[in-house]
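Structure file query_32.txt; described as compact mmCIF, C-alpha atoms.
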# COMPACT_ATOMS: atom_id res chain seq x y z
CA MET A 147 0.00 0.00 0.00
CA MET A 148 1.22 3.46 -0.88
CA ASN A 149 2.25 5.76 1.96
CA TYR A 150 -0.10 8.66 1.20
CA ARG A 151 0.89 10.64 4.27
CA LEU A 152 4.48 10.81 3.06
CA LEU A 153 3.35 11.89 -0.41
CA VAL A 154 1.04 14.52 1.12
CA ASP A 155 3.94 15.81 3.21
CA VAL A 156 6.13 16.08 0.11
CA VAL A 157 3.42 17.99 -1.77
CA VAL A 158 2.88 20.31 1.22
CA ALA A 159 6.64 20.94 1.42
CA ILE A 160 6.76 21.77 -2.30
CA HIS A 161 3.72 24.01 -1.95
CA ALA A 162 5.23 25.83 1.04
CA ALA A 163 8.52 26.26 -0.85
CA TYR A 164 6.60 27.74 -3.81
CA VAL A 165 4.77 30.20 -1.55
CA GLY A 166 8.05 30.99 0.23
CA PHE A 167 9.79 31.64 -3.08
CA VAL A 168 7.07 34.10 -4.10
CA VAL A 169 6.85 35.92 -0.76
CA PHE A 170 10.50 35.89 0.31
CA GLY A 171 11.64 36.46 -3.27
CA LEU A 172 9.88 39.83 -3.23
CA ILE A 173 11.38 40.66 0.16
CA ALA A 174 14.83 39.67 -1.12
CA ILE A 175 14.43 41.90 -4.18
CA LEU A 176 13.46 44.92 -2.08
CA VAL A 177 16.13 44.31 0.58
CA GLY A 178 18.63 43.50 -2.16
CA ARG A 179 18.01 46.86 -3.78
CA ALA A 180 18.69 48.65 -0.50
CA MET A 181 21.76 46.51 0.19
CA SER A 182 23.05 46.65 -3.42
CA TRP A 183 22.92 42.87 -3.83
CA ARG A 184 23.60 42.26 -7.50
CA TRP A 185 22.09 38.77 -7.53
CA VAL A 186 18.56 40.16 -7.10
CA ARG A 187 18.89 41.58 -10.62
CA ASN A 188 19.61 38.13 -12.07
CA PRO A 189 17.26 37.70 -15.04
CA VAL A 190 16.64 33.98 -14.42
CA PHE A 191 15.64 34.58 -10.79
CA ARG A 192 13.47 37.55 -11.67
CA ILE A 193 11.67 35.87 -14.57
CA LEU A 194 11.01 32.74 -12.50
CA HIS A 195 9.76 34.88 -9.63
CA LEU A 196 7.42 36.87 -11.85
CA ALA A 197 6.20 33.68 -13.55
CA ALA A 198 5.49 32.07 -10.17
CA ILE A 199 3.18 34.85 -8.99
CA GLY A 200 1.81 35.28 -12.52
CA PHE A 201 0.68 31.65 -12.50
CA VAL A 202 -1.07 32.16 -9.16
CA CYS A 203 -2.80 35.28 -10.48
CA ALA A 204 -3.87 33.55 -13.69
CA GLU A 205 -5.36 30.53 -11.93
CA SER A 206 -7.16 32.83 -9.50
CA ILE A 207 -8.64 34.95 -12.31
CA VAL A 208 -9.74 31.85 -14.24
CA GLY A 209 -11.15 30.38 -11.03
CA ILE A 210 -9.29 27.08 -10.94
CA ASP A 211 -7.75 25.46 -7.91
CA CYS A 212 -3.99 25.30 -7.62
CA PRO A 213 -2.69 22.03 -9.09
CA LEU A 214 -0.70 21.39 -5.92
CA THR A 215 -3.82 21.86 -3.79
CA THR A 216 -5.72 19.48 -6.07
CA LEU A 217 -2.93 16.91 -5.88
CA GLU A 218 -2.67 17.21 -2.11
CA ASN A 219 -6.44 16.85 -1.67
CA GLY A 220 -6.47 13.79 -3.94
CA LEU A 221 -3.65 12.17 -1.97
CA ARG A 222 -5.33 12.98 1.34
CA LEU A 223 -8.61 11.46 0.20
CA ALA A 224 -6.83 8.39 -1.22
CA GLY A 225 -5.15 7.94 2.16
CA GLY A 226 -8.42 8.22 4.07
CA GLN A 227 -7.89 11.79 5.29
CA ASN A 228 -10.02 14.90 4.78
CA GLY A 229 -9.09 17.38 2.06
CA TYR A 230 -9.14 21.16 2.20
CA GLY A 231 -12.42 23.00 1.78
CA SER A 232 -10.64 25.80 -0.12
CA ASP A 233 -7.28 26.57 -1.69
CA PHE A 234 -3.92 26.13 0.08
CA ILE A 235 -3.39 29.80 1.02
CA ALA A 236 -7.00 30.28 2.11
CA TYR A 237 -6.81 27.14 4.25
CA TRP A 238 -3.63 28.14 6.05
CA LEU A 239 -4.63 31.79 6.45
CA ASP A 240 -7.91 30.56 7.90
CA ARG A 241 -5.94 28.40 10.30
CA LEU A 242 -3.80 31.42 11.29
CA ILE A 243 -6.48 34.06 11.69
CA PHE A 244 -9.63 31.94 12.09
CA TYR A 245 -11.56 33.75 9.38
CA ASP A 246 -12.74 32.45 6.05
CA PHE A 247 -12.50 35.09 3.34
CA PRO A 248 -14.49 34.78 0.12
CA PRO A 249 -12.39 33.62 -2.87
CA ARG A 250 -12.54 37.09 -4.47
CA VAL A 251 -10.57 38.51 -1.54
CA PHE A 252 -7.73 36.12 -2.30
CA THR A 253 -7.93 37.00 -5.99
CA ILE A 254 -7.49 40.67 -5.06
CA ILE A 255 -4.59 39.83 -2.74
CA TYR A 256 -2.89 37.70 -5.41
CA LEU A 257 -3.33 40.39 -8.06
CA ALA A 258 -2.07 43.15 -5.75
CA PHE A 259 0.96 41.05 -4.85
CA GLY A 260 1.51 40.28 -8.53
CA MET A 261 1.41 43.99 -9.37
CA LEU A 262 3.92 44.65 -6.59
CA VAL A 263 6.25 42.01 -8.04
CA LEU A 264 5.75 43.47 -11.51
CA SER A 265 6.58 46.95 -10.19
CA THR A 266 9.94 45.67 -8.95
CA LEU A 267 10.97 45.27 -12.59
CA TRP A 268 10.94 49.07 -12.73
CA LEU A 269 12.21 49.67 -9.18
CA VAL A 270 14.98 47.04 -9.36
CA PRO A 271 15.59 46.45 -13.07
CA ILE A 272 16.97 43.19 -14.37
CA ARG A 273 20.56 43.40 -15.51
CA ILE A 274 21.58 41.38 -18.53
CA GLY A 275 25.24 40.57 -18.91
CA PRO A 276 27.98 40.53 -16.27
CA PHE A 277 25.62 41.39 -13.41
CA LEU A 278 27.72 39.46 -10.91
CA SER A 279 31.07 40.97 -11.71
CA SER A 280 30.51 44.66 -12.35
CA PRO A 281 30.13 46.93 -9.31
CA THR A 282 28.41 49.55 -11.47
CA ASN A 283 25.35 47.35 -12.08
CA ARG A 284 23.57 48.24 -8.87
Output the file's structure as structure tokens, nothing else.
Amino acid sequence: MMNYRLLVDVVVAIHAAYVGFVVFGLIAILVGRAMSWRWVRNPVFRILHLAAIGFVCAESIVGIDCPLTTLENGLRLAGGQNGYGSDFIAYWLDRLIFYDFPPRVFTIIYLAFGMLVLSTLWLVPIRIGPFLSSPTNR
């Protein structure tokens, strides 16, 4: 028999890492600008970061559940556990603040966060080329 709890834990860890990348990536970009960290202007990092929040915004606008949430729920149900009643972020925010927001609130939050990430492209522009070696690319 498959160990569904282990698979659920792996999916939750991946999901948490994804959320962490989006949230802490933005913090790193803003702090990196203030601290003149050149790596926060790395085009690969910045494009992946923008794509990560862009995907969340797109799925929220379209009204589909996150694939990781769907996978986790399926694994939980297959293992005899209960699934979430809402998406991953809504579930954990509900657990933290004990309030269930309507889905549109999360759509607004995702879009606002996405716009903030998009604005960092202007505030902290991507540097193409020798961004790690030139002290003038700050």
Margin query: If we count all atoms listed in the file and set the cut-off at 7 Å, which residues sit around region 165-178 of chain A, ignoring sequence neighbours fewer than 6 positions away in its own chain? Please answer as a list of chain:residue names.
Written below: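 Counting only the stated atoms, we get A:Val186, A:His195, A:Ala198, A:Ile199, A:Val263.
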Checklist line | Interatomic distance, CA of Ile274 (chain A) to CA of Val190 (chain A) (Å, one decimal) | finding: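 Pair CA of Ile274 (chain A) / CA of Val190 (chain A) returns 9.8 Å.
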Next item on the list: Go through A:Phe201, A:Phe247, A:Phe252, A:Trp185 and flag the residue nearest Pro271 (chain A), using all atoms listed in the file for the distances.
Entry: A:Trp185
Next item on the list: Mind giving me the straight-line distance from CA of Tyr164 (chain A) to CA of Leu214 (chain A) in Å, one decimal?
Entry: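 Atom-to-atom, CA of Tyr164 (chain A) to CA of Leu214 (chain A), that is 9.9 Å.
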Note to self: Nearest residue to Met261 (chain A) out of A:Leu194, A:Leu221, A:Cys203, A:Ala163, using all atoms listed in the file?
What the structure shows: A:Cys203
Notebook entry, point to check: From the list A:Gly225, A:Gly200, A:Pro213, A:Pro248, which residue is nearest Ile160 (chain A) when using all atoms listed in the file?
Noted result: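 Result for the nearest residue to Ile160 (chain A): A:Pro213.
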Notebook entry, point to check: Separation of CA of Gln227 (chain A) and CA of Asn149 (chain A), in Å?
Noted result: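 A separation of 12.3 Å between them.
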Checklist line | Closest of A:Ala162, A:Ile272, A:Leu257, A:Ile207 to Ile193 (chain A) - atom-to-atom distances counting only C-alpha atoms | finding: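 The answer is A:Ile272, which sits nearest to Ile193 (chain A).
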Check: In terms of the shortest atom-to-atom distance over only C-alpha atoms, which of A:Ile255, A:Leu264, A:Leu217, A:Val270 is closest to Tyr150 (chain A)?
Finding: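 Comparing A:Ile255, A:Leu264, A:Leu217, A:Val270 against Tyr150 (chain A), the winner is A:Leu217.
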Could you put an axis-aligned box around every listed atom of region 157-163 of chain A, padded by 4 Å on each side, and send me its centre and edge lengths in Å to one decimal, as AutoDock Vina command-line options?
--center_x 5.7 --center_y 22.1 --center_z -0.4 --size_x 13.6 --size_y 16.3 --size_z 11.7
Item checked: Nearest candidate to Arg151 (chain A) (options A:Gly220, A:Pro249, A:Gly209, A:Pro189; using all atoms listed in the file) ->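 Closest residue, counting all atoms listed in the file: A:Gly220.
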Close residues, Glu218 (chain A) itself excluded, 8 Å, only C-alpha atoms, min 2 positions apart in chain, as a short mmCIF file (atom, residue, chain, number, x, y, z; two decimals) with C-alpha atoms, keeping the file's coordinate frame:
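Generated file (result.cif):
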data_model
loop_
_atom_site.label_atom_id
_atom_site.label_comp_id
_atom_site.auth_asym_id
_atom_site.auth_seq_id
_atom_site.Cartn_x
_atom_site.Cartn_y
_atom_site.Cartn_z
CA VAL A 154 1.04 14.52 1.12
CA VAL A 157 3.42 17.99 -1.77
CA VAL A 158 2.88 20.31 1.22
CA LEU A 214 -0.70 21.39 -5.92
CA THR A 215 -3.82 21.86 -3.79
CA THR A 216 -5.72 19.48 -6.07
CA GLY A 220 -6.47 13.79 -3.94
CA LEU A 221 -3.65 12.17 -1.97
CA ARG A 222 -5.33 12.98 1.34
CA GLY A 229 -9.09 17.38 2.06
#
